[in-house]
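Participant: What follows is start.cif, made up of mmCIF, N, CA and C atoms:
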```
data_query
loop_
_atom_site.label_atom_id
_atom_site.label_comp_id
_atom_site.auth_asym_id
_atom_site.auth_seq_id
_atom_site.Cartn_x
_atom_site.Cartn_y
_atom_site.Cartn_z
N MET A 63 0.84 -1.18 0.00
CA MET A 63 0.00 0.00 0.00
C MET A 63 0.89 1.24 0.00
N LEU A 64 0.54 2.21 -0.83
CA LEU A 64 1.27 3.46 -0.93
C LEU A 64 0.82 4.38 0.19
N ILE A 65 1.75 4.90 0.96
CA ILE A 65 1.43 5.81 2.04
C ILE A 65 1.96 7.19 1.67
N CYS A 66 1.13 8.20 1.89
CA CYS A 66 1.51 9.56 1.56
C CYS A 66 2.42 10.12 2.64
N LEU A 67 3.65 10.42 2.28
CA LEU A 67 4.59 11.09 3.17
C LEU A 67 5.11 12.32 2.45
N SER A 68 4.67 13.47 2.89
CA SER A 68 5.10 14.70 2.25
C SER A 68 6.37 15.21 2.91
N LEU A 69 6.95 16.19 2.29
CA LEU A 69 8.15 16.81 2.85
C LEU A 69 7.83 17.41 4.22
N SER A 70 6.63 18.01 4.35
CA SER A 70 6.27 18.58 5.66
C SER A 70 6.13 17.50 6.72
N SER A 71 5.64 16.31 6.33
CA SER A 71 5.51 15.21 7.27
C SER A 71 6.88 14.75 7.76
N LEU A 72 7.79 14.63 6.80
CA LEU A 72 9.14 14.22 7.17
C LEU A 72 9.84 15.28 8.01
N ALA A 73 9.62 16.56 7.67
CA ALA A 73 10.23 17.65 8.45
C ALA A 73 9.65 17.68 9.86
N ASP A 74 8.34 17.42 9.99
CA ASP A 74 7.71 17.39 11.31
C ASP A 74 8.32 16.26 12.15
N ARG A 75 8.50 15.10 11.55
CA ARG A 75 9.10 13.98 12.28
C ARG A 75 10.55 14.29 12.66
N CYS A 76 11.26 14.90 11.73
CA CYS A 76 12.64 15.30 11.98
C CYS A 76 12.70 16.25 13.18
N CYS A 77 11.78 17.21 13.23
CA CYS A 77 11.74 18.18 14.31
C CYS A 77 11.43 17.51 15.65
N SER A 78 10.47 16.56 15.63
CA SER A 78 10.09 15.90 16.89
C SER A 78 11.20 14.99 17.41
N GLU A 79 12.11 14.57 16.54
CA GLU A 79 13.23 13.70 16.96
C GLU A 79 14.57 14.41 16.81
N TRP A 80 14.56 15.72 16.86
CA TRP A 80 15.75 16.53 16.63
C TRP A 80 16.89 16.17 17.58
N ASP A 81 16.58 15.85 18.82
CA ASP A 81 17.62 15.56 19.81
C ASP A 81 18.43 14.30 19.45
N HIS A 82 17.92 13.46 18.57
CA HIS A 82 18.64 12.26 18.14
C HIS A 82 19.77 12.58 17.16
N PHE A 83 19.79 13.80 16.63
CA PHE A 83 20.81 14.16 15.65
C PHE A 83 22.13 14.61 16.29
N GLY A 84 22.14 14.76 17.59
CA GLY A 84 23.37 15.09 18.31
C GLY A 84 23.92 16.47 17.97
N THR A 85 23.07 17.46 17.86
CA THR A 85 23.52 18.82 17.59
C THR A 85 22.96 19.75 18.66
N ASN A 86 23.68 20.85 18.89
CA ASN A 86 23.22 21.84 19.86
C ASN A 86 22.39 22.93 19.19
N GLU A 87 22.29 22.87 17.86
CA GLU A 87 21.50 23.85 17.12
C GLU A 87 20.01 23.56 17.30
N PRO A 88 19.22 24.61 17.36
CA PRO A 88 17.77 24.37 17.45
C PRO A 88 17.22 23.87 16.10
N CYS A 89 16.15 23.17 16.17
CA CYS A 89 15.53 22.65 14.95
C CYS A 89 15.02 23.83 14.11
N PRO A 90 15.36 23.85 12.83
CA PRO A 90 14.94 24.98 11.98
C PRO A 90 13.50 24.86 11.46
N TYR A 91 12.84 23.74 11.72
CA TYR A 91 11.49 23.51 11.21
C TYR A 91 10.47 23.67 12.33
N HIS A 92 9.39 24.36 12.02
CA HIS A 92 8.33 24.56 13.00
C HIS A 92 6.99 24.52 12.28
N PHE A 93 6.04 23.76 12.81
CA PHE A 93 4.72 23.63 12.22
C PHE A 93 3.66 23.89 13.27
N SER A 94 2.65 24.63 12.89
CA SER A 94 1.54 24.89 13.82
C SER A 94 0.69 23.62 13.93
N ALA A 95 -0.11 23.58 14.97
CA ALA A 95 -1.01 22.44 15.15
C ALA A 95 -1.97 22.35 13.96
N GLU A 96 -2.41 23.49 13.43
CA GLU A 96 -3.32 23.50 12.28
C GLU A 96 -2.63 22.94 11.03
N GLU A 97 -1.37 23.28 10.81
CA GLU A 97 -0.63 22.75 9.65
C GLU A 97 -0.48 21.23 9.76
N ILE A 98 -0.18 20.76 10.94
CA ILE A 98 -0.03 19.31 11.15
C ILE A 98 -1.37 18.60 10.95
N ARG A 99 -2.45 19.17 11.52
CA ARG A 99 -3.78 18.59 11.35
C ARG A 99 -4.16 18.54 9.87
N GLN A 100 -3.93 19.64 9.15
CA GLN A 100 -4.26 19.70 7.72
C GLN A 100 -3.46 18.66 6.93
N HIS A 101 -2.19 18.51 7.27
CA HIS A 101 -1.36 17.53 6.57
C HIS A 101 -1.93 16.12 6.74
N TYR A 102 -2.27 15.74 7.97
CA TYR A 102 -2.78 14.39 8.21
C TYR A 102 -4.12 14.18 7.52
N GLU A 103 -4.94 15.22 7.47
CA GLU A 103 -6.22 15.12 6.76
C GLU A 103 -5.99 14.89 5.27
N GLU A 104 -5.08 15.66 4.67
CA GLU A 104 -4.77 15.50 3.25
C GLU A 104 -4.12 14.15 2.96
N ALA A 105 -3.24 13.71 3.83
CA ALA A 105 -2.59 12.42 3.65
C ALA A 105 -3.61 11.29 3.72
N GLY A 106 -4.56 11.40 4.64
CA GLY A 106 -5.60 10.38 4.76
C GLY A 106 -6.45 10.30 3.50
N SER A 107 -6.81 11.46 2.94
CA SER A 107 -7.59 11.49 1.70
C SER A 107 -6.80 10.88 0.55
N PHE A 108 -5.52 11.23 0.46
CA PHE A 108 -4.67 10.68 -0.59
C PHE A 108 -4.59 9.16 -0.48
N ASN A 109 -4.38 8.67 0.72
CA ASN A 109 -4.24 7.22 0.92
C ASN A 109 -5.54 6.48 0.60
N LYS A 110 -6.70 7.09 0.94
CA LYS A 110 -7.99 6.47 0.60
C LYS A 110 -8.16 6.38 -0.91
N SER A 111 -7.83 7.45 -1.61
CA SER A 111 -8.00 7.42 -3.07
C SER A 111 -7.01 6.43 -3.71
N GLN A 112 -5.81 6.31 -3.17
CA GLN A 112 -4.84 5.35 -3.71
C GLN A 112 -5.35 3.92 -3.54
N GLU A 113 -6.01 3.66 -2.43
CA GLU A 113 -6.56 2.32 -2.20
C GLU A 113 -7.65 2.01 -3.23
N LEU A 114 -8.48 2.99 -3.53
CA LEU A 114 -9.52 2.78 -4.53
C LEU A 114 -8.92 2.56 -5.92
N TRP A 115 -7.88 3.31 -6.28
CA TRP A 115 -7.24 3.11 -7.59
C TRP A 115 -6.60 1.72 -7.67
N LYS A 116 -6.09 1.25 -6.54
CA LYS A 116 -5.51 -0.10 -6.50
C LYS A 116 -6.59 -1.14 -6.80
N GLN A 117 -7.80 -0.90 -6.30
CA GLN A 117 -8.90 -1.82 -6.56
C GLN A 117 -9.29 -1.85 -8.03
N LEU A 118 -9.02 -0.77 -8.75
CA LEU A 118 -9.38 -0.68 -10.17
C LEU A 118 -8.44 -1.46 -11.09
N ARG A 119 -7.28 -1.85 -10.58
CA ARG A 119 -6.36 -2.64 -11.40
C ARG A 119 -7.05 -3.92 -11.86
N GLY A 120 -7.02 -4.16 -13.15
CA GLY A 120 -7.66 -5.34 -13.70
C GLY A 120 -9.16 -5.17 -13.94
N VAL A 121 -9.73 -4.05 -13.49
CA VAL A 121 -11.15 -3.78 -13.69
C VAL A 121 -11.32 -2.80 -14.85
N LEU A 122 -10.50 -1.76 -14.85
CA LEU A 122 -10.48 -0.77 -15.94
C LEU A 122 -9.14 -0.82 -16.64
N THR A 123 -9.17 -0.58 -17.95
CA THR A 123 -7.91 -0.45 -18.68
C THR A 123 -7.35 0.95 -18.43
N ASP A 124 -6.13 1.20 -18.86
CA ASP A 124 -5.54 2.53 -18.72
C ASP A 124 -6.36 3.59 -19.44
N GLU A 125 -7.08 3.18 -20.47
CA GLU A 125 -7.90 4.11 -21.24
C GLU A 125 -9.28 4.31 -20.62
N GLY A 126 -9.61 3.54 -19.58
CA GLY A 126 -10.89 3.70 -18.90
C GLY A 126 -11.97 2.74 -19.34
N TYR A 127 -11.62 1.71 -20.10
CA TYR A 127 -12.61 0.74 -20.55
C TYR A 127 -12.74 -0.40 -19.55
N ALA A 128 -13.96 -0.92 -19.45
CA ALA A 128 -14.23 -2.08 -18.60
C ALA A 128 -14.82 -3.18 -19.46
N SER A 129 -14.47 -4.41 -19.16
CA SER A 129 -15.08 -5.53 -19.87
C SER A 129 -16.51 -5.71 -19.38
N ASN A 130 -17.29 -6.48 -20.11
CA ASN A 130 -18.66 -6.78 -19.67
C ASN A 130 -18.65 -7.39 -18.28
N GLU A 131 -17.68 -8.27 -18.02
CA GLU A 131 -17.62 -8.97 -16.74
C GLU A 131 -17.26 -8.04 -15.57
N SER A 132 -16.49 -7.01 -15.83
CA SER A 132 -16.03 -6.14 -14.74
C SER A 132 -16.78 -4.81 -14.67
N PHE A 133 -17.75 -4.61 -15.55
CA PHE A 133 -18.44 -3.33 -15.62
C PHE A 133 -19.10 -2.94 -14.30
N SER A 134 -19.88 -3.83 -13.69
CA SER A 134 -20.57 -3.51 -12.43
C SER A 134 -19.58 -3.17 -11.33
N LYS A 135 -18.49 -3.92 -11.26
CA LYS A 135 -17.47 -3.66 -10.24
C LYS A 135 -16.82 -2.30 -10.49
N ALA A 136 -16.55 -1.97 -11.75
CA ALA A 136 -15.96 -0.67 -12.08
C ALA A 136 -16.88 0.47 -11.67
N VAL A 137 -18.17 0.32 -11.93
CA VAL A 137 -19.14 1.36 -11.56
C VAL A 137 -19.16 1.54 -10.04
N LYS A 138 -19.13 0.44 -9.30
CA LYS A 138 -19.13 0.51 -7.83
C LYS A 138 -17.88 1.21 -7.31
N ILE A 139 -16.72 0.84 -7.83
CA ILE A 139 -15.47 1.43 -7.36
C ILE A 139 -15.40 2.91 -7.72
N LEU A 140 -15.79 3.27 -8.94
CA LEU A 140 -15.78 4.68 -9.34
C LEU A 140 -16.77 5.49 -8.51
N GLY A 141 -17.90 4.88 -8.16
CA GLY A 141 -18.86 5.55 -7.28
C GLY A 141 -18.26 5.80 -5.90
N ASP A 142 -17.55 4.81 -5.39
CA ASP A 142 -16.88 4.98 -4.09
C ASP A 142 -15.82 6.08 -4.16
N LEU A 143 -15.07 6.11 -5.24
CA LEU A 143 -14.05 7.14 -5.41
C LEU A 143 -14.69 8.52 -5.49
N ARG A 144 -15.81 8.61 -6.18
CA ARG A 144 -16.53 9.88 -6.27
C ARG A 144 -16.98 10.33 -4.89
N GLU A 145 -17.49 9.40 -4.07
CA GLU A 145 -17.94 9.75 -2.72
C GLU A 145 -16.79 10.26 -1.86
N VAL A 146 -15.61 9.66 -2.00
CA VAL A 146 -14.44 10.14 -1.25
C VAL A 146 -14.16 11.59 -1.63
N GLY A 147 -14.19 11.87 -2.93
CA GLY A 147 -13.97 13.23 -3.39
C GLY A 147 -15.01 14.20 -2.86
N LEU A 148 -16.28 13.82 -2.91
CA LEU A 148 -17.34 14.69 -2.42
C LEU A 148 -17.23 14.92 -0.91
N ASP A 149 -16.80 13.90 -0.17
CA ASP A 149 -16.65 14.05 1.28
C ASP A 149 -15.52 15.01 1.63
N ASP A 150 -14.48 15.05 0.80
CA ASP A 150 -13.30 15.83 1.14
C ASP A 150 -13.33 17.28 0.64
N LEU A 151 -14.21 17.58 -0.32
CA LEU A 151 -14.24 18.91 -0.91
C LEU A 151 -15.35 19.76 -0.31
N LYS A 152 -15.21 21.08 -0.46
CA LYS A 152 -16.19 22.01 0.07
C LYS A 152 -16.42 23.14 -0.93
N GLY A 153 -17.56 23.80 -0.79
CA GLY A 153 -17.85 25.00 -1.56
C GLY A 153 -17.90 24.77 -3.06
N GLU A 154 -17.35 25.75 -3.79
CA GLU A 154 -17.38 25.72 -5.25
C GLU A 154 -16.60 24.53 -5.81
N GLU A 155 -15.50 24.17 -5.15
CA GLU A 155 -14.71 23.03 -5.61
C GLU A 155 -15.54 21.74 -5.55
N ARG A 156 -16.35 21.60 -4.50
CA ARG A 156 -17.21 20.42 -4.37
C ARG A 156 -18.31 20.42 -5.43
N ARG A 157 -18.95 21.59 -5.65
CA ARG A 157 -20.00 21.69 -6.67
C ARG A 157 -19.45 21.34 -8.05
N SER A 158 -18.27 21.84 -8.35
CA SER A 158 -17.64 21.57 -9.64
C SER A 158 -17.35 20.08 -9.79
N PHE A 159 -16.77 19.47 -8.75
CA PHE A 159 -16.46 18.04 -8.78
C PHE A 159 -17.74 17.22 -8.92
N ASP A 160 -18.79 17.62 -8.21
CA ASP A 160 -20.07 16.93 -8.29
C ASP A 160 -20.59 16.96 -9.73
N ASN A 161 -20.57 18.11 -10.34
CA ASN A 161 -21.04 18.24 -11.73
C ASN A 161 -20.20 17.43 -12.70
N GLU A 162 -18.88 17.45 -12.53
CA GLU A 162 -17.97 16.77 -13.45
C GLU A 162 -18.01 15.25 -13.30
N THR A 163 -18.45 14.76 -12.16
CA THR A 163 -18.43 13.31 -11.93
C THR A 163 -19.83 12.72 -11.79
N ARG A 164 -20.86 13.50 -12.05
CA ARG A 164 -22.23 13.02 -11.92
C ARG A 164 -22.50 11.82 -12.82
N TRP A 165 -21.79 11.74 -13.94
CA TRP A 165 -21.97 10.61 -14.87
C TRP A 165 -21.72 9.28 -14.18
N VAL A 166 -20.84 9.27 -13.17
CA VAL A 166 -20.56 8.03 -12.45
C VAL A 166 -21.81 7.60 -11.68
N ALA A 167 -22.44 8.56 -10.99
CA ALA A 167 -23.66 8.26 -10.24
C ALA A 167 -24.77 7.83 -11.19
N ASP A 168 -24.85 8.44 -12.36
CA ASP A 168 -25.86 8.07 -13.34
C ASP A 168 -25.64 6.66 -13.87
N LEU A 169 -24.40 6.22 -13.98
CA LEU A 169 -24.10 4.87 -14.45
C LEU A 169 -24.68 3.81 -13.53
N ASP A 170 -24.66 4.07 -12.24
CA ASP A 170 -25.09 3.08 -11.28
C ASP A 170 -26.52 2.62 -11.53
N GLY A 171 -27.40 3.52 -11.92
CA GLY A 171 -28.78 3.15 -12.18
C GLY A 171 -28.97 2.46 -13.52
N HIS A 172 -27.96 2.53 -14.38
CA HIS A 172 -28.09 1.98 -15.72
C HIS A 172 -27.25 0.73 -15.94
N THR A 173 -26.67 0.20 -14.90
CA THR A 173 -25.80 -0.96 -15.03
C THR A 173 -26.53 -2.13 -15.68
N THR A 174 -27.73 -2.42 -15.22
CA THR A 174 -28.50 -3.55 -15.76
C THR A 174 -28.87 -3.29 -17.21
N GLU A 175 -29.35 -2.05 -17.51
CA GLU A 175 -29.73 -1.75 -18.89
C GLU A 175 -28.52 -1.81 -19.82
N ALA A 176 -27.36 -1.31 -19.35
CA ALA A 176 -26.16 -1.32 -20.19
C ALA A 176 -25.73 -2.75 -20.48
N ARG A 177 -25.78 -3.61 -19.48
CA ARG A 177 -25.40 -5.00 -19.71
C ARG A 177 -26.37 -5.65 -20.69
N PHE A 178 -27.67 -5.37 -20.55
CA PHE A 178 -28.66 -5.93 -21.44
C PHE A 178 -28.43 -5.45 -22.87
N GLU A 179 -28.13 -4.15 -23.02
CA GLU A 179 -27.89 -3.60 -24.35
C GLU A 179 -26.67 -4.25 -25.00
N ILE A 180 -25.63 -4.49 -24.24
CA ILE A 180 -24.43 -5.12 -24.79
C ILE A 180 -24.75 -6.54 -25.25
N GLN A 181 -25.53 -7.27 -24.46
CA GLN A 181 -25.88 -8.64 -24.83
C GLN A 181 -26.82 -8.67 -26.03
N GLU A 182 -27.73 -7.71 -26.11
CA GLU A 182 -28.69 -7.66 -27.21
C GLU A 182 -28.06 -7.20 -28.51
N HIS A 183 -27.04 -6.33 -28.41
CA HIS A 183 -26.42 -5.74 -29.59
C HIS A 183 -24.91 -5.98 -29.55
N PRO A 184 -24.47 -7.19 -29.76
CA PRO A 184 -23.02 -7.46 -29.71
C PRO A 184 -22.29 -6.54 -30.68
N GLY A 185 -21.12 -6.13 -30.27
CA GLY A 185 -20.31 -5.26 -31.12
C GLY A 185 -20.47 -3.79 -30.75
N LYS A 186 -21.50 -3.46 -29.96
CA LYS A 186 -21.68 -2.09 -29.52
C LYS A 186 -21.21 -2.01 -28.08
N GLY A 187 -20.32 -1.08 -27.81
CA GLY A 187 -19.80 -0.91 -26.46
C GLY A 187 -20.51 0.20 -25.73
N ILE A 188 -20.04 0.43 -24.56
CA ILE A 188 -20.60 1.49 -23.72
C ILE A 188 -19.85 2.76 -24.03
#
```
Using structure tokens, write down the structure from this file.

Facilitator:
Amino acid sequence: MLICLSLSSLADRCCSEWDHFGTNEPCPYHFSAEEIRQHYEEAGSFNKSQELWKQLRGVLTDEGYASNESFSKAVKILGDLREVGLDDLKGEERRSFDNETRWVADLDGHTTEARFEIQEHPGKGI
């Protein structure tokens, strides 16, 4: 599993363990409680989305295509990824993301019809 470690995370850890470096110089890095809280929140969101992308391996191609067999699973995973994004965003950024990804939510209701159409009309994709 890929874990998000930013430069600020590493600098924060370095600062908290500064006495292990054997120097009399004060630590040059300082982070407010709000900066640390924000970092962990962003890292958590990044790690959640990475886990969802890992689940998509073998379900979607690099171009975004799904086989008939993996279509329902792809729709479920993309829906979960969309929910993570909606949970993490606020204001105009959230409204924009909602509008840009609404097609994923619309797919969920059409999974059965899309599968039926593919079976009825071989050679036509989604």

Participant: As an exercise, work out the distance from CA of Phe93 in chain A to CA of Asp81 in chain A in Å and give it to one decimal place.

Facilitator: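 Interatomic distance here is 17.0 Å.
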
Participant: How many Å separate CA of Lys138 in chain A from atom N of Tyr102 in chain A?

Facilitator: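 Result for CA of Lys138 in chain A versus atom N of Tyr102 in chain A: 27.7 Å, one decimal.
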
Participant: Near range 119-127 of chain A, counting only N, CA and C atoms, which residues have an atom at most 6.5 Å away, once you skip same-chain residues fewer than 4 positions from it, shown as a list in words?

Facilitator: Trp115, Ser132 and Ala136 of chain A

Participant: What separation in Å, quoted to one decimal, exists between CA of Phe133 in chain A and CA of Gly106 in chain A?

Facilitator: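 Going from CA of Phe133 in chain A over to CA of Gly106 in chain A covers 27.7 Å.
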
Participant: For the structure I just gave you, how does DSSP split range 64-152 of chain A - specifically, which residues are alpha helix (DSSP H)? Reply as a ChimeraX atom specification.

Facilitator: /A:69-78,95-118,133-150

Participant: Since I can't run it myself right now, could you work out what the PyMOL selection byres ((chain A and resi 139-145) around 8) selects here and report it as a list in words?

Facilitator: Lys110, Ser111, Leu114, Trp115, Gln117, Leu118, Phe133, Ser134, Lys135, Ala136, Val137, Lys138, Val146, Gly147, Leu148, Asp149, Asp150, Leu151, Phe159, Thr163, Val166, Ala167 and Asp170 of chain A

Participant: As an mmCIF file with N, CA and C atoms, keeping the file's coordinate frame, please: the residues near Cys89 in chain A (cut-off 6.5 Å, all atoms listed in the file, same-chain neighbours under 2 positions excluded).

Facilitator:
```cif
data_model
loop_
_atom_site.group_PDB
_atom_site.id
_atom_site.type_symbol
_atom_site.label_atom_id
_atom_site.label_comp_id
_atom_site.auth_asym_id
_atom_site.auth_seq_id
_atom_site.Cartn_x
_atom_site.Cartn_y
_atom_site.Cartn_z
ATOM 1 N N CYS A 77 11.780 17.210 13.230
ATOM 2 C CA CYS A 77 11.740 18.180 14.310
ATOM 3 C C CYS A 77 11.430 17.510 15.650
ATOM 4 N N TRP A 80 14.560 15.720 16.860
ATOM 5 C CA TRP A 80 15.750 16.530 16.630
ATOM 6 C C TRP A 80 16.890 16.170 17.580
ATOM 7 N N GLU A 87 22.290 22.870 17.860
ATOM 8 C CA GLU A 87 21.500 23.850 17.120
ATOM 9 C C GLU A 87 20.010 23.560 17.300
ATOM 10 N N TYR A 91 12.840 23.740 11.720
ATOM 11 C CA TYR A 91 11.490 23.510 11.210
ATOM 12 C C TYR A 91 10.470 23.670 12.330
ATOM 13 N N HIS A 92 9.390 24.360 12.020
ATOM 14 C CA HIS A 92 8.330 24.560 13.000
ATOM 15 C C HIS A 92 6.990 24.520 12.280
#
```
